[in-house]
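Okay, protein-v2.pdb now, which holds PDB, C-alpha atoms, pLDDT in the B column:
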```
ATOM      1  CA  MET F  26       6.139 -11.079 -22.156  1.00 89.00           C
ATOM      2  CA  THR F  27       4.007 -10.891 -18.992  1.00 91.00           C
ATOM      3  CA  LYS F  28       2.894  -7.878 -17.041  1.00 90.00           C
ATOM      4  CA  ARG F  29       5.088  -6.317 -14.387  1.00 87.00           C
ATOM      5  CA  GLU F  30       4.484  -7.819 -10.923  1.00 84.00           C
ATOM      6  CA  GLU F  31       5.959  -5.079  -8.673  1.00 84.00           C
ATOM      7  CA  TYR F  32       3.193  -2.514  -9.098  1.00 89.00           C
ATOM      8  CA  LEU F  33       1.388  -0.788  -6.224  1.00 93.00           C
ATOM      9  CA  SER F  34      -2.003  -2.010  -5.061  1.00 95.00           C
ATOM     10  CA  TRP F  35      -4.803   0.574  -5.123  1.00 97.00           C
ATOM     11  CA  ASP F  36      -4.540   0.930  -1.331  1.00 97.00           C
ATOM     12  CA  GLU F  37      -0.769   1.471  -1.524  1.00 97.00           C
ATOM     13  CA  TYR F  38      -1.235   3.976  -4.338  1.00 97.00           C
ATOM     14  CA  PHE F  39      -3.776   6.075  -2.436  1.00 98.00           C
ATOM     15  CA  MET F  40      -1.768   5.873   0.790  1.00 98.00           C
ATOM     16  CA  GLY F  41       1.240   7.005  -1.266  1.00 97.00           C
ATOM     17  CA  ILE F  42      -0.747  10.067  -2.380  1.00 98.00           C
ATOM     18  CA  ALA F  43      -1.568  10.793   1.285  1.00 98.00           C
ATOM     19  CA  LEU F  44       2.102  10.404   2.259  1.00 98.00           C
ATOM     20  CA  MET F  45       3.206  12.641  -0.618  1.00 97.00           C
ATOM     21  CA  SER F  46       0.622  15.253   0.429  1.00 98.00           C
ATOM     22  CA  ALA F  47       2.087  15.155   3.952  1.00 98.00           C
ATOM     23  CA  LYS F  48       5.364  16.418   2.468  1.00 97.00           C
ATOM     24  CA  ARG F  49       3.614  19.792   1.936  1.00 97.00           C
ATOM     25  CA  SER F  50       3.150  20.233   5.695  1.00 97.00           C
ATOM     26  CA  LYS F  51       5.463  22.780   7.304  1.00 97.00           C
ATOM     27  CA  ASP F  52       4.875  21.379  10.800  1.00 96.00           C
ATOM     28  CA  PRO F  53       8.355  20.652  12.214  1.00 95.00           C
ATOM     29  CA  ASN F  54       7.109  17.673  14.257  1.00 94.00           C
ATOM     30  CA  THR F  55       4.197  15.922  12.566  1.00 94.00           C
ATOM     31  CA  GLN F  56       3.405  15.757   8.872  1.00 96.00           C
ATOM     32  CA  VAL F  57       0.124  14.092   7.932  1.00 98.00           C
ATOM     33  CA  GLY F  58      -1.622  13.898   4.587  1.00 98.00           C
ATOM     34  CA  ALA F  59      -5.041  12.638   3.540  1.00 98.00           C
ATOM     35  CA  CYS F  60      -6.444  11.340   0.266  1.00 98.00           C
ATOM     36  CA  ILE F  61     -10.208  10.925  -0.215  1.00 98.00           C
ATOM     37  CA  VAL F  62     -11.247   8.388  -2.853  1.00 98.00           C
ATOM     38  CA  ASN F  63     -14.679   7.449  -4.191  1.00 98.00           C
ATOM     39  CA  ALA F  64     -15.988   3.967  -4.994  1.00 97.00           C
ATOM     40  CA  ASP F  65     -14.783   4.319  -8.608  1.00 98.00           C
ATOM     41  CA  ARG F  66     -11.207   4.812  -7.349  1.00 97.00           C
ATOM     42  CA  ARG F  67     -11.237   8.474  -8.280  1.00 98.00           C
ATOM     43  CA  ILE F  68      -9.422  10.933  -6.050  1.00 98.00           C
ATOM     44  CA  MET F  69     -11.967  13.421  -4.744  1.00 98.00           C
ATOM     45  CA  SER F  70      -9.583  15.543  -2.665  1.00 98.00           C
ATOM     46  CA  VAL F  71      -6.292  15.687  -0.799  1.00 98.00           C
ATOM     47  CA  GLY F  72      -5.087  17.671   2.204  1.00 98.00           C
ATOM     48  CA  TYR F  73      -2.303  18.006   4.738  1.00 98.00           C
ATOM     49  CA  ASN F  74      -1.922  19.516   8.190  1.00 98.00           C
ATOM     50  CA  GLY F  75      -1.221  23.237   8.309  1.00 96.00           C
ATOM     51  CA  PHE F  76      -2.600  26.628   9.172  1.00 97.00           C
ATOM     52  CA  PRO F  77      -5.802  27.902   7.541  1.00 96.00           C
ATOM     53  CA  ARG F  78      -5.544  29.965   4.379  1.00 94.00           C
ATOM     54  CA  GLY F  79      -4.486  33.521   5.228  1.00 96.00           C
ATOM     55  CA  CYS F  80      -2.763  32.539   8.498  1.00 96.00           C
ATOM     56  CA  SER F  81       0.971  32.893   7.949  1.00 95.00           C
ATOM     57  CA  ASP F  82       3.067  29.900   8.950  1.00 92.00           C
ATOM     58  CA  ASP F  83       5.793  32.400   9.816  1.00 94.00           C
ATOM     59  CA  GLU F  84       3.584  34.337  12.261  1.00 95.00           C
ATOM     60  CA  PHE F  85       1.634  31.570  14.007  1.00 96.00           C
ATOM     61  CA  PRO F  86       3.344  29.267  16.519  1.00 96.00           C
ATOM     62  CA  TRP F  87       4.624  25.758  15.789  1.00 95.00           C
ATOM     63  CA  ASP F  88       5.359  25.034  19.465  1.00 96.00           C
ATOM     64  CA  ARG F  89       3.903  21.943  21.125  1.00 95.00           C
ATOM     65  CA  GLU F  90       4.223  23.130  24.725  1.00 96.00           C
ATOM     66  CA  GLY F  91       3.440  26.293  26.659  1.00 96.00           C
ATOM     67  CA  ASP F  92       0.288  28.367  27.026  1.00 96.00           C
ATOM     68  CA  ALA F  93      -2.336  26.852  24.729  1.00 95.00           C
ATOM     69  CA  VAL F  94      -2.691  30.043  22.691  1.00 96.00           C
ATOM     70  CA  ASP F  95       1.079  29.989  22.058  1.00 95.00           C
ATOM     71  CA  THR F  96       1.089  26.434  20.658  1.00 96.00           C
ATOM     72  CA  LYS F  97       0.107  25.139  17.223  1.00 96.00           C
ATOM     73  CA  TYR F  98      -2.912  23.186  18.501  1.00 95.00           C
ATOM     74  CA  PRO F  99      -5.623  25.870  18.393  1.00 96.00           C
ATOM     75  CA  TYR F 100      -4.586  26.883  14.871  1.00 97.00           C
ATOM     76  CA  VAL F 101      -3.535  23.857  12.810  1.00 97.00           C
ATOM     77  CA  CYS F 102      -6.104  22.304  10.513  1.00 97.00           C
ATOM     78  CA  HIS F 103      -5.604  18.534  10.336  1.00 98.00           C
ATOM     79  CA  ALA F 104      -5.121  16.740   7.024  1.00 98.00           C
ATOM     80  CA  GLU F 105      -8.495  14.979   7.111  1.00 98.00           C
ATOM     81  CA  LEU F 106     -10.442  18.199   7.667  1.00 97.00           C
ATOM     82  CA  ASN F 107      -8.382  19.999   5.026  1.00 98.00           C
ATOM     83  CA  ALA F 108      -9.134  17.244   2.505  1.00 98.00           C
ATOM     84  CA  ILE F 109     -12.857  17.414   3.314  1.00 98.00           C
ATOM     85  CA  LEU F 110     -12.853  21.209   2.945  1.00 97.00           C
ATOM     86  CA  ASN F 111     -10.711  21.036  -0.210  1.00 97.00           C
ATOM     87  CA  ALA F 112     -13.354  18.823  -1.838  1.00 97.00           C
ATOM     88  CA  GLY F 113     -15.233  22.040  -2.561  1.00 95.00           C
ATOM     89  CA  GLY F 114     -18.662  20.728  -1.662  1.00 93.00           C
ATOM     90  CA  ARG F 115     -18.394  17.531  -3.708  1.00 96.00           C
ATOM     91  CA  ASP F 116     -20.437  14.637  -2.367  1.00 97.00           C
ATOM     92  CA  LEU F 117     -18.123  12.481  -0.245  1.00 98.00           C
ATOM     93  CA  ARG F 118     -20.770   9.985   0.834  1.00 98.00           C
ATOM     94  CA  GLY F 119     -19.461   6.447   0.531  1.00 98.00           C
ATOM     95  CA  CYS F 120     -15.844   7.542   0.024  1.00 98.00           C
ATOM     96  CA  ALA F 121     -12.738   6.245   1.785  1.00 98.00           C
ATOM     97  CA  VAL F 122     -10.053   8.431   3.328  1.00 98.00           C
ATOM     98  CA  TYR F 123      -6.425   7.292   3.370  1.00 98.00           C
ATOM     99  CA  VAL F 124      -4.322   8.695   6.222  1.00 98.00           C
ATOM    100  CA  PRO F 125      -0.930   7.714   7.625  1.00 97.00           C
ATOM    101  CA  LEU F 126      -2.083   8.410  11.210  1.00 97.00           C
ATOM    102  CA  PHE F 127      -5.395   7.261  12.717  1.00 98.00           C
ATOM    103  CA  PRO F 128      -7.788  10.251  12.875  1.00 98.00           C
ATOM    104  CA  CYS F 129      -8.265  12.232  16.071  1.00 97.00           C
ATOM    105  CA  ASN F 130     -11.712  12.692  17.589  1.00 97.00           C
ATOM    106  CA  GLU F 131     -12.225  16.078  15.890  1.00 97.00           C
ATOM    107  CA  CYS F 132     -11.401  14.656  12.467  1.00 98.00           C
ATOM    108  CA  ALA F 133     -13.603  11.626  13.180  1.00 98.00           C
ATOM    109  CA  LYS F 134     -16.532  14.034  13.559  1.00 98.00           C
ATOM    110  CA  ALA F 135     -15.798  15.645  10.192  1.00 98.00           C
ATOM    111  CA  ILE F 136     -15.340  12.243   8.540  1.00 98.00           C
ATOM    112  CA  ILE F 137     -18.705  11.077   9.864  1.00 98.00           C
ATOM    113  CA  GLN F 138     -20.513  14.304   8.954  1.00 98.00           C
ATOM    114  CA  SER F 139     -19.121  14.256   5.394  1.00 98.00           C
ATOM    115  CA  GLY F 140     -20.438  10.740   4.784  1.00 98.00           C
ATOM    116  CA  ILE F 141     -17.052   9.056   4.391  1.00 98.00           C
ATOM    117  CA  LYS F 142     -17.561   5.362   5.127  1.00 98.00           C
ATOM    118  CA  GLU F 143     -14.022   4.018   5.470  1.00 98.00           C
ATOM    119  CA  VAL F 144     -10.725   5.093   7.026  1.00 98.00           C
ATOM    120  CA  VAL F 145      -7.553   3.347   5.840  1.00 98.00           C
ATOM    121  CA  TYR F 146      -4.552   4.139   8.037  1.00 98.00           C
ATOM    122  CA  LEU F 147      -0.937   3.057   8.608  1.00 97.00           C
ATOM    123  CA  SER F 148      -0.264   3.953  12.246  1.00 97.00           C
ATOM    124  CA  ASP F 149      -2.413   4.046  15.354  1.00 98.00           C
ATOM    125  CA  LYS F 150       0.331   5.390  17.623  1.00 96.00           C
ATOM    126  CA  TYR F 151      -2.164   7.090  19.953  1.00 97.00           C
ATOM    127  CA  ASP F 152      -4.188   3.901  20.466  1.00 97.00           C
ATOM    128  CA  GLY F 153      -5.836   3.832  23.879  1.00 97.00           C
ATOM    129  CA  THR F 154      -5.585   7.556  24.577  1.00 97.00           C
ATOM    130  CA  PRO F 155      -8.876   9.253  25.519  1.00 97.00           C
ATOM    131  CA  MET F 156      -9.167  11.089  22.180  1.00 96.00           C
ATOM    132  CA  ASN F 157      -8.394   7.899  20.233  1.00 98.00           C
ATOM    133  CA  VAL F 158     -10.999   5.951  22.210  1.00 98.00           C
ATOM    134  CA  ALA F 159     -13.554   8.701  21.533  1.00 98.00           C
ATOM    135  CA  SER F 160     -12.671   8.670  17.826  1.00 98.00           C
ATOM    136  CA  LYS F 161     -13.183   4.914  17.538  1.00 98.00           C
ATOM    137  CA  ARG F 162     -16.366   5.049  19.575  1.00 98.00           C
ATOM    138  CA  MET F 163     -17.876   7.641  17.209  1.00 98.00           C
ATOM    139  CA  LEU F 164     -16.666   5.871  14.052  1.00 98.00           C
ATOM    140  CA  ASP F 165     -18.129   2.589  15.321  1.00 98.00           C
ATOM    141  CA  ALA F 166     -21.455   4.206  16.224  1.00 98.00           C
ATOM    142  CA  ALA F 167     -21.681   5.819  12.780  1.00 98.00           C
ATOM    143  CA  GLY F 168     -20.781   2.617  10.943  1.00 98.00           C
ATOM    144  CA  VAL F 169     -17.502   3.941   9.553  1.00 98.00           C
ATOM    145  CA  LYS F 170     -15.107   1.075   8.871  1.00 98.00           C
ATOM    146  CA  TYR F 171     -11.439   1.517   9.745  1.00 98.00           C
ATOM    147  CA  THR F 172      -8.666  -0.699   8.462  1.00 98.00           C
ATOM    148  CA  ARG F 173      -4.940  -0.710   9.074  1.00 98.00           C
ATOM    149  CA  LEU F 174      -3.110  -0.981   5.750  1.00 98.00           C
ATOM    150  CA  GLU F 175      -0.555  -3.781   5.602  1.00 96.00           C
ATOM    151  CA  PRO F 176       1.465  -2.733   2.552  1.00 94.00           C
ATOM    152  CA  ARG F 177       3.198  -5.339   0.381  1.00 91.00           C
ATOM    153  CA  THR F 178       5.721  -2.671  -0.549  1.00 86.00           C
ATOM    154  CA  PRO F 179       7.607  -1.234   2.451  1.00 87.00           C
ATOM    155  CA  SER F 180       8.788   1.895   0.640  1.00 90.00           C
ATOM    156  CA  VAL F 181       8.742   3.709  -2.685  1.00 90.00           C
ATOM    157  CA  LEU F 182      11.518   5.937  -3.985  1.00 90.00           C
ATOM    158  CA  ILE F 183      10.441   8.909  -6.057  1.00 90.00           C
ATOM    159  CA  SER F 184      13.048  10.667  -8.128  1.00 90.00           C
ATOM    160  CA  PHE F 185      12.595  14.072  -9.734  1.00 92.00           C
ATOM    161  CA  ASP F 186      15.708  13.513 -11.850  1.00 92.00           C
ATOM    162  CA  PRO F 187      14.737  13.696 -15.557  1.00 93.00           C
ATOM    163  CA  LYS F 188      17.207  10.889 -16.314  1.00 92.00           C
ATOM    164  CA  ASP F 189      15.015   8.512 -14.291  1.00 87.00           C
ATOM    165  CA  VAL F 190      11.880   9.089 -16.385  1.00 83.00           C
TER     166      VAL F 190
END
```

Write out the structure in this file as structure tokens.
Amino acid sequence: MTKREEYLSWDEYFMGIALMSAKRSKDPNTQVGACIVNADRRIMSVGYNGFPRGCSDDEFPWDREGDAVDTKYPYVCHAELNAILNAGGRDLRGCAVYVPLFPCNECAKAIIQSGIKEVVYLSDKYDGTPMNVASKRMLDAAGVKYTRLEPRTPSVLISFDPKDV
């Protein structure tokens, strides 16, 4: 008997963790997760986009348009920042962060400051926008590598049915 061939690569596995973390987001429009991994392939932290601890997701706005203070944008903490903060002060220097969506300029700052050295992403849907250009400019200047993941496996089905275990 030989080993199974249809297993996930490490990159697919960690991106899967980021995608699963995104399922915790209550944002009705955009769900993003992040998974920070060290050089030994150990998960250091995970996060997803949502309001800060103590800020009720029933009382703060989820709107995308209107007066700035009445939209989600001044309040939502992005997945990358949440993962960095959730690391609880652990040393993230040299780590990689896996994210479904290329980081915004604000998250790029936090990634750089935390010492993360690689961003692995699936989508760069905001490519060419001013904030995306700024993000890439800072990541390049700081020597942070960014790589688009080209998964071998297009999807993974996860079942919580005990019969499937």

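With only C-alpha atoms as the atoms that count, the residue of F:Met40, F:Leu147, F:Met156, F:Val62 with the shortest distance to Glu131 of chain F is F:Met156.
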
**Message:** Starting from the PyMOL selection byres ((chain F and resi 105) around 10), expand the selection into actual residues of this file and give them as a VMD selection string.
**Reply:** chain F and resid 43 57 to 61 70 to 74 102 to 104 106 to 111 122 to 124 128 to 129 131 to 133 135 to 136

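Distance check against Ser34 of chain F using only C-alpha atoms: of F:Val158, F:Asp82, F:Ser184, F:Arg66, the minimum falls on F:Arg66.
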
**Message:** Calculated over all atoms listed in the file, which of the candidates F:Ser139, F:Ser148, F:Phe127, F:Pro176 has the smallest distance to Ser160 of chain F?
**Reply:** F:Phe127

**Complete:** One decimal place gives the atom CA of Ala166 of chain F-atom CA of Cys120 of chain F separation as 17.5 Å

**Request:** With the file shown as input, list the residues that the PyMOL selection byres ((chain F and resi 52) around 12) selects, as a ChimeraX atom specification.
**Result:** /F:47-51,53-58,73-76,82-83,85-89,96-98,100-104

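Rounded to one decimal, atom CA of Ala64 of chain F and atom CA of Ala112 of chain F lie 15.4 Å from each other.
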
**Asked** Selected by the PyMOL selection byres ((chain F and resi 33) around 12) in the shown coordinates: which residues, as a VMD selection string?
**Response** chain F and resid 29 to 32 34 to 42 176 to 181

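Atom CA of Ala121 of chain F is positioned 9.4 Å from atom CA of Val169 of chain F.
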
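You can rank F:Thr172, F:Gly140, F:Asn130, F:Gly79 by their closest distance to Pro155 of chain F using all atoms listed in the file, and at the top of that list sits F:Asn130.
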
**Asked** Nearest to Leu44 of chain F: which of F:Pro77, F:Asp92, F:Pro125, F:Lys161 is it, counting all atoms listed in the file?
**Response** F:Pro125
